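Engineer: Would you mind keeping the following structure in view while I ask a few things?
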Amino acid sequence: MTLARLAALHGVATAYSPSAGVTVPVPDATVVEVLAALDVDAATPEALRASLAATEAARDARLLPPTLVLWRDGPPEDAPRQGRLHEDAPRQGRPPEDAPRQGRPPELPRPLAALPPGTDVRITTEHGDEISGTPRWARLPLGVHRLQARARDGRTAHSTLVVAPARVPQPSGRGYGVLVQLYSLLSTRSWGMGDLGDLRELADWAGRDLGAGFVQVNPLHAAVPGTPTDPSPYRPSSRRFPDPVHLRIEDVPEYAYVRAHLSAEERAELDALTGRAAELREGVLRKGELIDRDAVWVLKRQALELLWRVPLGPGRQAALRRFRAERGQALLDHATWCAFAERYGSDRRQWPEGLRDPRSAATARERDELADRVDFHCRLAWLTDEQLAATARAAREAGMAVGIVHDLAVGVHPDGADAWAQGDAFAAGMSVGAPPDAFNARGQDWGLPPWRPDALAASGYAPYRDLLRGLLRHAGALRIDHVMGLFRLWWVPEGREPTEGTYVRYDADAMLAILALEAHRAGAVVIGEDLGTVEPGVRESLQRRGVLGTSVLWFERDWEGTRRPLPPGTWRADCVATATTHDLPSTAARLTGEHVELRHRLGLLTRTLEEERAEDAEEVAEWLAYLRTLGLLEEGPRDEEAEIRAVYRFLRRTPARMAGVWLPDAVGDRRPQNLPGTWDQYPNWRLPIADAEGRPVTLEELAVSPRLHALMDVLRPSTAPPDARGL
């Protein structure tokens with residue numbers, strides 16, 4: 001019981017419930033190791049008793065926790081989302097952030113309400129204003145402030161006070177958009193994989209011609225360099241900065257001046273790189289080759305090295321200086337890590353001892369020695385940020401109400417830039433994963449170090465705040481992968497199986513408050529990927545704060561009753577509804593059963609092929625019959641294109657705020673972009689969008705595809721004018 005008590009005080013579970021009525025105990029050894037990662041010693045009975053006594057004494061003596069949340073009344077829950085806000089745009093229709101709000105006074109956090117009588121409270125707002133005496137809580141501005149409390153008995157507390165709006169911004173109505181893995185979207189101008197130029201073109205075309213209100217992409221986070229790199233966009237080096245591999249080289253402004261500033265030999269080298277890029281592109285589009293991110297980056301890096309020799313004009317220099325000032329230490333750390341990785345490789349264990357600490361004197365000396373390389377990587381981050389901004393601007397100008405939906409991965413690579421620069425915020429020797437469930441009896445280990453909840457709270461959630469602010473710079477919406485991680489994460493100690501992990505709880509109130517605050521400031525919608533095992537109450541908490549969920553057609557059944565497909569009118573409204581995701585079969589593969597055959601060829605089935613085929617065919621037949629019953633699919637022989645259109649008609653009939661078309665579905669692609677449970681057996685994250693025959697399809701071909709236009713037409717509101725954007 002002593003271990004369980006100590007674990008509970010630190011948010012570490014000693015048992016978990018994978019399903020209703022089932023409780024699984026966590027091994028004591030796991031609990032001890034997880035506590036050790038939080039700097040709590042429970043290795044021996046004596047250490048356990050001492051740690052428990054120290055923890056309880058600290059709790060009893062504490063006047064306030066390190067971070068407090070004050071939710072401020074916002075607009076009614078059904079209020080429409082205001083347009084995307086920008087620094088150069090007036091805040092029309094919204095009062096100043098420090099203006100008093102009408103309505104009921106905010107509910108004080110329990111620790112504040114429980115302060116002893118006579119406690120002196122002083123608040124310093126994030127803008128430096130001082131508030132003393134008895135604070136008028138309803139008049140506090142939104143933001144992250146410092147609170148100091150002094151009780152009559154001499155106890156003091158210094159806490160971070162987060163004042164957040166009640167809900168994140170909402171879509172202004174119902175609408176639709178497209179979902180795509182950017183690398184898979186090649187055009188005739190790509191350098192072997194989809195890039196930000198392609199995304200800008202897609203947004204411009206989809207907004208103007210298709211009436212789409214958004215484009216959702218995979219995480220564009222910076223990858224760990226090396227050969228080969230991990231192709232997964234969900235295991236990045238840094239979530240704070242995008243990867244320059246996504247740059248469209250020809251759109252870098254300095255590209256226009258190469259003839260004036262580069263020698264004939266340098267210009268010839270750049271021309272040769274362009275030619276090799278065309279070969280990469282043609283290899284993917286015409287010769288059946290896989291997308292080779294490493295080869296693309298080799299060419300782009302060499303081209304960017306040449307463009308670096310083109311001097312910046314005064315205005316461009318000023319813009320770069322401003323970007324470096326805005327991103328500050330985070331950018332310097334990221335660029336330093338990139339420079340070190342160039343010299344010593346990305347495995348920090350191979351670096352000189354002194355460089356493993358980002359704040360050491362050795363790191364400072366090495367950074368000075370590599371100043372040119374640090375500057376180069378700062379410039380790459382700036383150029384990528386500029387193209388992200390241009391893409392967001394193109395989406396707005398095309399009439400998209402939401403615009404670009406960026407994706408936040410659940411974690412970072414243990415050897416990457418973020419883990420190096422923010423090492424104190426991560427739990428050493430731990431990895432995030434998932435417990436065993438009906439789909440994976442072995443559980444999962446994702447190889448991502450988790451954030452320490454105690455370190456986040458002590459810092460006022462500074463790493464989390466900075467992360468969100470950077471991601472929302474050019475986002476109309478943010479999708480959060482495994483959004484349940486705002487509440488708890490499954491920690492797996494190094495060297496143990498995923499089945500031997502345990503849950504560690506986070507302060508969900510603080511995580512949601514900071515999310516709401518940063519989304520409010522950016523004017524961005526928030527979408528949570530809440531598929532799989534979801535703890536009771538989580539979806540309700542997310543809905544209360546305006547975070548949209550994710551609903552996939554094949555999973556929406558009356559699980560507590562008939563187990564039949566859920567009628568469209570009973571779907572939740574606060575979600576993005578779609579037919580599939582990057583981790584699931586395409587709709588064509590689902591309807592034809594080809595996904596079962598693929599998993600059989602790769603040895604992934606847990607039952608016989610005949611059993612899997614029979615169950616899959618029964619499920620598909622049930623859905624098709626239901627679509628006919630609803631009048632969404634005509635009677636007659638099987639017609640794949642008509643069936644896919646019927647699936648999306650169904651989604652449009654639900655009350656979902658946003659409906660997403662998986663772009664490969666529009667041309668009948670059979671292949672999943674990622675097949676969980678595989679590594680080398682399947683080309684995860686390396687496939688271009690292709691048609692039903694497996695022939696790669698370019699962006700230009702997508703734009704004139706009759707099949708695509710027929711599918712998108714079913715999503716257009718029948719009563720809307722031809723140019724309606726649907727959101």
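Scheme for the structure tokens: letters A, B, ... for chains in order shown; per-chain residue numbers from 1; ligand numbers from 1 in order shown.
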Counting only C-alpha atoms, what are the residues of stretch 566-656 of chain A within 12 Å of stretch 667-670 of chain A, and for each of them which pair of atoms is the nearest and at what distance in Å, to one decimal? Sort the table by chain and rising number, as a Markdown table.

Structural biologist:
```
| residue | atom | partner | partner_atom | distance |
| --- | --- | --- | --- | --- |
| A:Leu584 | CA | A:Arg670 | CA | 10.9 |
| A:Pro585 | CA | A:Arg670 | CA | 7.5 |
| A:Ser586 | CA | A:Arg670 | CA | 5.8 |
| A:Thr587 | CA | A:Arg670 | CA | 7.8 |
| A:Ala588 | CA | A:Gly668 | CA | 5.8 |
| A:Ala589 | CA | A:Arg670 | CA | 4.9 |
| A:Arg590 | CA | A:Arg670 | CA | 8.5 |
| A:Leu591 | CA | A:Arg670 | CA | 10.0 |
| A:Thr592 | CA | A:Arg670 | CA | 9.1 |
| A:Gly593 | CA | A:Arg670 | CA | 10.0 |
| A:Glu594 | CA | A:Arg670 | CA | 7.5 |
| A:His595 | CA | A:Arg670 | CA | 8.0 |
| A:Val596 | CA | A:Arg670 | CA | 11.6 |
| A:Glu597 | CA | A:Arg670 | CA | 11.4 |
| A:Leu598 | CA | A:Arg670 | CA | 10.1 |
| A:Asp639 | CA | A:Gly668 | CA | 11.9 |
| A:Glu640 | CA | A:Gly668 | CA | 8.5 |
| A:Glu641 | CA | A:Gly668 | CA | 7.7 |
| A:Ala642 | CA | A:Gly668 | CA | 11.3 |
| A:Glu643 | CA | A:Gly668 | CA | 11.1 |
| A:Ile644 | CA | A:Gly668 | CA | 8.7 |
| A:Arg645 | CA | A:Gly668 | CA | 11.0 |
```

Engineer: So which residues touch A:Ala277 within 12 Å, counting only C-alpha atoms, skipping near sequence neighbours fewer than 3 positions away, as a ChimeraX atom specification?

Structural biologist: /A:188-193,248-249,270-274,280-284,291-293,295-303

Engineer: If you run DSSP on this backbone, which residues of stretch 357-436 of chain A come out as strand (DSSP E), and could you give them as a list in words?

Structural biologist: Gly403, Ile404, Val405, His406, Asp407, Leu408, Met430, Ser431, Val432, Gly433 and Ala434 of chain A

Engineer: Neighbours of stretch 321-328 of chain A within 12 Å (only C-alpha atoms; same-chain residues fewer than 2 positions away dropped), as a ChimeraX atom specification?

Structural biologist: /A:240-241,312,314-319,330-335,374-375,377-386,466-467,469-471,473

Engineer: Just checking: using only C-alpha atoms, which residue out of A:Ala398, A:Leu448, A:Ala29, A:Leu161 ends up closest to A:Asp418?

Structural biologist: A:Leu448

Engineer: When you count only C-alpha atoms, which of these residues is closest to A:Leu472: A:Leu320, A:Leu408, A:Leu202, A:Ala57?

Structural biologist: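 Closest residue, counting only C-alpha atoms: A:Leu408.
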
Engineer: Using only C-alpha atoms, which of the listed residues (A:Ala264, A:Val697, A:Ile404, A:Leu627) sits closest to A:Leu179?

Structural biologist: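 Smallest distance to A:Leu179 is found for A:Ile404.
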
Engineer: Please identify all polymer residues within 10 Å of stretch 698-711 of chain A, counting only C-alpha atoms, omitting same-chain residues fewer than 5 positions from it, and present them as a PyMOL selection string.

Structural biologist: chain A and resi 184-190+194+198-199+201-202+205-206+209-210+285+641-642+644-649+661+663-668+688-691+716

Engineer: What's around A:Pro242 at 6 Å? Count only C-alpha atoms, leave out sequence neighbours fewer than 2 positions away in its own chain, and write the answer as a list in words.

Structural biologist: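 Surrounding residues, per the criterion: Leu220, His221 and Ala222 of chain A.
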
Engineer: For atom CA of A:Leu456 and atom CA of A:Gln422, determine how far apart the two atoms are, in Å to one decimal place.

Structural biologist: 10.9 Å

Engineer: Identify, on the basis of only C-alpha atoms, every residue whose closest approach to A:Glu342 does not exceed 9 Å; exclude the query and any residue fewer than 3 positions from it along the same chain; express the result as a short mmCIF file (atom, residue, chain, number, x, y, z; two decimals) with N, CA and C atoms, in the first residue's frame.

Structural biologist:
```cif
data_model
loop_
_atom_site.label_atom_id
_atom_site.label_comp_id
_atom_site.auth_asym_id
_atom_site.auth_seq_id
_atom_site.Cartn_x
_atom_site.Cartn_y
_atom_site.Cartn_z
N PRO A 225 18.32 13.83 -39.06
CA PRO A 225 19.11 13.62 -40.27
C PRO A 225 19.91 12.33 -40.21
N GLY A 226 20.38 11.92 -41.35
CA GLY A 226 21.17 10.68 -41.43
C GLY A 226 20.67 9.84 -42.58
N TRP A 337 21.97 22.17 -32.68
CA TRP A 337 21.88 20.71 -32.77
C TRP A 337 22.11 20.25 -34.20
N CYS A 338 21.51 20.94 -35.18
CA CYS A 338 21.69 20.56 -36.58
C CYS A 338 23.16 20.65 -36.99
N ALA A 339 23.83 21.72 -36.53
CA ALA A 339 25.25 21.87 -36.85
C ALA A 339 26.09 20.77 -36.20
N GLY A 345 27.25 13.40 -36.27
CA GLY A 345 26.16 12.44 -36.44
C GLY A 345 25.03 12.72 -35.48
N SER A 346 23.88 12.10 -35.71
CA SER A 346 22.69 12.40 -34.91
C SER A 346 22.61 11.61 -33.61
N ARG A 373 27.61 27.42 -39.80
CA ARG A 373 26.62 26.35 -39.97
C ARG A 373 25.36 26.63 -39.14
#
```
